[in-house]
Amino acid sequence: MPDRLEDTVARTASRKEILEGPIIRTMFRLAWPLMISSLLHYLYNMADTFWIGHLPVSENASAVAGLQIAGPVIFFLMAFAFGFNSGGLALVSQYMGAHRKEEANTAAAKTLSLSIAFGLFIMVTGVIFSPALLRLLTSDPAVARAGTVYTRIIFIGMPFEFVAAAYAQVMAAYGDTVTPMLVNLATVLANIVLDPFMIFGWGPFARMTVAGAAVATIICQAIAAVISLVILFRGRHGLCVSWRDLLPDWFWYRRILKIGLPASIGVSGTSFGFLVLTGIIGRVPNATVALSAYGIGDRFINISFVAIDGLSLAISTMVGHALGGDLRKRANSVVWTGTALMFGILVGEGTLLRVFTPWLFRAFIPTQPAIISEGVLFMSLFLPSIPFFGIVNGVQSAFQGSGHNTPPMIMQLVRLWGLRVPLSWFFGFAMHMGSRGIWTGMLISNVLAAVLALVFLVTVDWHHKVIEHTPMLAEMAGETGTPELVPTPIEPGA
């Protein structure tokens with residue numbers, strides 16, 4: 001019986017293509033659905049900000065600032081648990097590279113069940129503790145109130161978010177990035193349509209302002225989670241799990257947690273760094289203006305990262321498959337090619353974004369000239385550094401695909417705690433440069449982080465796989481479909 005991965009024509013790159021196909025073409029074949037998924041995710045965040053920015057002038061500045069301080073709090077409380085998905089990604093991709101599909105299915109199921117448990121825990125934790133964290137970030141009570149309303153509702157939907165995210169990760173590791181994209185497409189478009197109805201009270205809905213944006217989000221996250229589970233249980237798109245597979249299994253949980261722990265520490269440390277950075281911005285004299293400008297500008301920059309998000313996960317998938325198949329030189333070529341590609345893409349996108357910055361800010365918050373002016377300043381200073389973030393992402397993807405997450409953990413912690421937070425504080429407050437100094441510190445931190453990442457890439461051995469070694473089973477293409485035992489492939493010159 002032919003392998004289902006080979007049968008998902010036009011929905012995914014085949015295992016053979018991932019292992020042997022032209023690197024850039026294969027990378028984009030895997031990445032374009034991920035790019036669309038990322039774009040959709042950023043668009044629904046942009047939709048929240050766009051519609052909230054069009055509330056009456058007496059409400060919109062504090063509401064937009066409230067959304068901005070809500071983001072780091074949400075990221076911080078969910079980051080530690082979210083990071084463990086990288087353990088599932090490494091296992092699934094390497095088992096697929098080694099042609100051991102049953103173990104890939106099991107790894108996917110256990111990653112999903114662990115995510116459900118984490119989602120429930122984060123829901124309770126977030127509802128209880130998020131208001132106190134938000135009050136630490138701003139002295140403006142209106143901003144804190146808006147952030148509290150938004151975060152508490154978002155945390156109620158956290159189990160749905162964790163299910164949908166785990167599904168997207170394991171399917172990408174398997175090699176199917178199209179199906180998760182289609183799920184995202186349906187639910188994000190529904191979110192964008194619902195937003196203005198629930199924010200402004202159009203039609204049968206009550207006017208809910210910030211709360212409306214959050215309610216629309218969790219409704220669509222619930223739909224995405226249900227669709228994801230149905231697809232996995234039916235098994236028509238490669239990976240297949242059952243309710244029995246979701247039962248706790250401490251052997252698999254230990255494997256996933258062991259591989260994912262450094263990534264979780266890195267992601268949670270990074271998220272706490274962004275929380276502190278937001279608090280620093282919230283302490284400048286023009287805090288509401290700076291937070292709003294940073295929030296809107298950050299969303300524009302995230303749009304430019306759409307290609308990078310997709311290529312990063314494609315690199316991890318291709319590296320995992322290559323190492324699972326003992327193709328180390330292939331893995332090395334994937335990483336260097338992908339990293340250079342991401343740097344070049346961000347140079348072009350950053351240049352284009354800078355040209356349109358004033359128009360974009362005027363479109364999003366037309367009644368606040370001070371925010372528009374501050375936004376132009378932020379983008380002028382920070383945009384030149386974003387290509388260097390492409391280098392950091394490429395290197396981290398290499399380690400994540402190989403299942404060695406300690407170096408990315410170190411890179412993430414140094415980038416935020418060793419560079420961005422202290423530099424932003426130093427230029428902003430010690431040098432009395434205010435918000436301009438914070439934006440300058442952020443720029444320098446990205447450049448230095450890229451240098452550190454390249455040092456790690458060339459000095460740390462990331463080429464060892466994390467799955468146990470067994471000979472690779474391959475189903476030879478023939479009319480009988482009879483599997484034969486074949487030698488593990490060795491690259492020429494390896």
# chains A, B, ... in the order shown; residues from 1 in each chain; ligands from 1
>>> closest_atom_pairs(of="stretch 199-287 of chain A", to="stretch 154-161 of chain A", cutoff="9 Å", atoms="only C-alpha atoms", output="tab-separated table")
residue	atom	partner	partner_atom	distance
A:Ala214	CA	A:Ile154	CA	5.7
A:Val215	CA	A:Ile154	CA	7.4
A:Thr217	CA	A:Ile154	CA	7.4
A:Ile218	CA	A:Gly157	CA	5.0
A:Ile219	CA	A:Gly157	CA	7.9
A:Gln221	CA	A:Phe160	CA	5.6
A:Ala222	CA	A:Phe160	CA	5.1
A:Ile223	CA	A:Phe160	CA	8.2
A:Ala224	CA	A:Phe160	CA	7.5
A:Ala225	CA	A:Phe160	CA	5.2
A:Val226	CA	A:Phe160	CA	8.2
>>> closest_atom_pairs(of="stretch 370-407 of chain A", to="stretch 311-318 of chain A", cutoff="7 Å", atoms="only C-alpha atoms", output="tab-separated table")
residue	atom	partner	partner_atom	distance
A:Asn393	CA	A:Ser312	CA	6.4
A:Gly394	CA	A:Ser312	CA	6.1
A:Ser397	CA	A:Ser316	CA	5.0
A:Ala398	CA	A:Ser316	CA	5.9
A:Gln400	CA	A:Ser316	CA	6.1
A:Gly401	CA	A:Ser316	CA	3.9
>>> residues_around(residues="A:Ile386", least_positions_apart="3", cutoff="10 Å", atoms="only C-alpha atoms", output="PyMOL selection string")
chain A and resi 301+304-305+343+346-347+349-350+382-383+389-391+443+446-447
>>> atom_distance(atom1="atom CA of A:Arg299", atom2="atom CA of A:Ser373")
16.5 Å
>>> residues_around(residues="stretch 231-236 of chain A", least_positions_apart="3", cutoff="10 Å", atoms="only C-alpha atoms", output="number ranges by chain")
A: 4, 8, 105, 108-109, 167, 171, 179-180, 183, 226-228, 239-243, 245
>>> residues_around(residues="A:Thr440", least_positions_apart="2", cutoff="12 Å", atoms="only C-alpha atoms", output="ChimeraX atom specification")
/A:377-385,419-428,431,433-438,442-447
>>> write_last_selection(atoms="C-alpha atoms", output="short mmCIF file (atom, residue, chain, number, x, y, z; two decimals), in the first residue's frame")
data_model
loop_
_atom_site.label_atom_id
_atom_site.label_comp_id
_atom_site.auth_asym_id
_atom_site.auth_seq_id
_atom_site.Cartn_x
_atom_site.Cartn_y
_atom_site.Cartn_z
CA LEU A 377 10.11 57.58 14.23
CA PHE A 378 9.88 53.99 15.50
CA MET A 379 9.81 52.49 12.02
CA SER A 380 12.67 54.69 10.77
CA LEU A 381 14.95 53.50 13.57
CA PHE A 382 13.93 49.85 13.89
CA LEU A 383 13.28 48.68 10.32
CA PRO A 384 16.98 48.58 9.28
CA SER A 385 17.53 45.83 11.87
CA LEU A 419 20.87 42.94 24.69
CA ARG A 420 17.41 44.36 23.99
CA VAL A 421 16.12 45.08 27.50
CA PRO A 422 19.34 46.62 28.92
CA LEU A 423 20.14 48.55 25.74
CA SER A 424 16.60 49.94 25.52
CA TRP A 425 16.71 51.02 29.15
CA PHE A 426 20.22 52.49 28.78
CA PHE A 427 19.46 54.62 25.74
CA GLY A 428 15.91 55.45 26.83
CA MET A 431 20.95 58.56 28.17
CA MET A 433 16.63 59.78 24.96
CA GLY A 434 13.08 58.66 25.82
CA SER A 435 11.26 56.57 23.24
CA ARG A 436 13.89 57.36 20.59
CA GLY A 437 16.48 55.67 22.81
CA ILE A 438 14.30 52.58 23.25
CA MET A 442 16.04 47.54 19.86
CA LEU A 443 17.88 48.14 16.58
CA ILE A 444 21.33 47.40 18.05
CA SER A 445 20.09 44.26 19.81
CA ASN A 446 18.96 42.63 16.55
CA VAL A 447 22.33 43.23 14.86
#
>>> decode(residues="stretch 217-259 of chain A", atoms="C-alpha atoms", output="compact mmCIF listing (two decimals), in the first residue's frame")
# COMPACT_ATOMS: atom_id res chain seq x y z
CA THR A 217 -11.30 35.60 18.37
CA ILE A 218 -12.21 32.77 20.75
CA ILE A 219 -15.31 31.82 18.72
CA CYS A 220 -13.10 31.30 15.67
CA GLN A 221 -10.38 29.54 17.67
CA ALA A 222 -12.98 27.04 18.87
CA ILE A 223 -14.05 26.38 15.29
CA ALA A 224 -10.40 25.86 14.26
CA ALA A 225 -9.80 23.40 17.11
CA VAL A 226 -12.85 21.29 16.21
CA ILE A 227 -11.90 21.16 12.52
CA SER A 228 -8.31 20.21 13.43
CA LEU A 229 -9.41 17.31 15.62
CA VAL A 230 -11.84 16.01 13.01
CA ILE A 231 -9.09 16.00 10.36
CA LEU A 232 -6.67 14.14 12.62
CA PHE A 233 -9.23 11.55 13.68
CA ARG A 234 -10.27 10.85 10.10
CA GLY A 235 -6.65 10.55 8.97
CA ARG A 236 -7.29 11.59 5.39
CA HIS A 237 -4.39 14.03 5.25
CA GLY A 238 -1.52 11.86 6.40
CA LEU A 239 -1.29 11.76 10.18
CA CYS A 240 -4.00 9.75 11.92
CA VAL A 241 -4.84 9.65 15.64
CA SER A 242 -7.68 8.21 17.71
CA TRP A 243 -9.18 9.10 21.06
CA ARG A 244 -7.23 6.19 22.57
CA ASP A 245 -3.99 7.72 21.25
CA LEU A 246 -4.68 10.86 23.29
CA LEU A 247 -4.54 8.99 26.60
CA PRO A 248 -1.60 10.02 28.82
CA ASP A 249 1.64 8.18 28.13
CA TRP A 250 4.51 9.26 30.38
CA PHE A 251 7.18 7.61 28.23
CA TRP A 252 6.25 9.82 25.27
CA TYR A 253 5.58 12.85 27.46
CA ARG A 254 9.08 12.60 28.92
CA ARG A 255 10.59 12.49 25.41
CA ILE A 256 8.60 15.49 24.21
CA LEU A 257 9.26 17.47 27.38
CA LYS A 258 12.98 16.65 27.39
CA ILE A 259 13.44 17.82 23.81
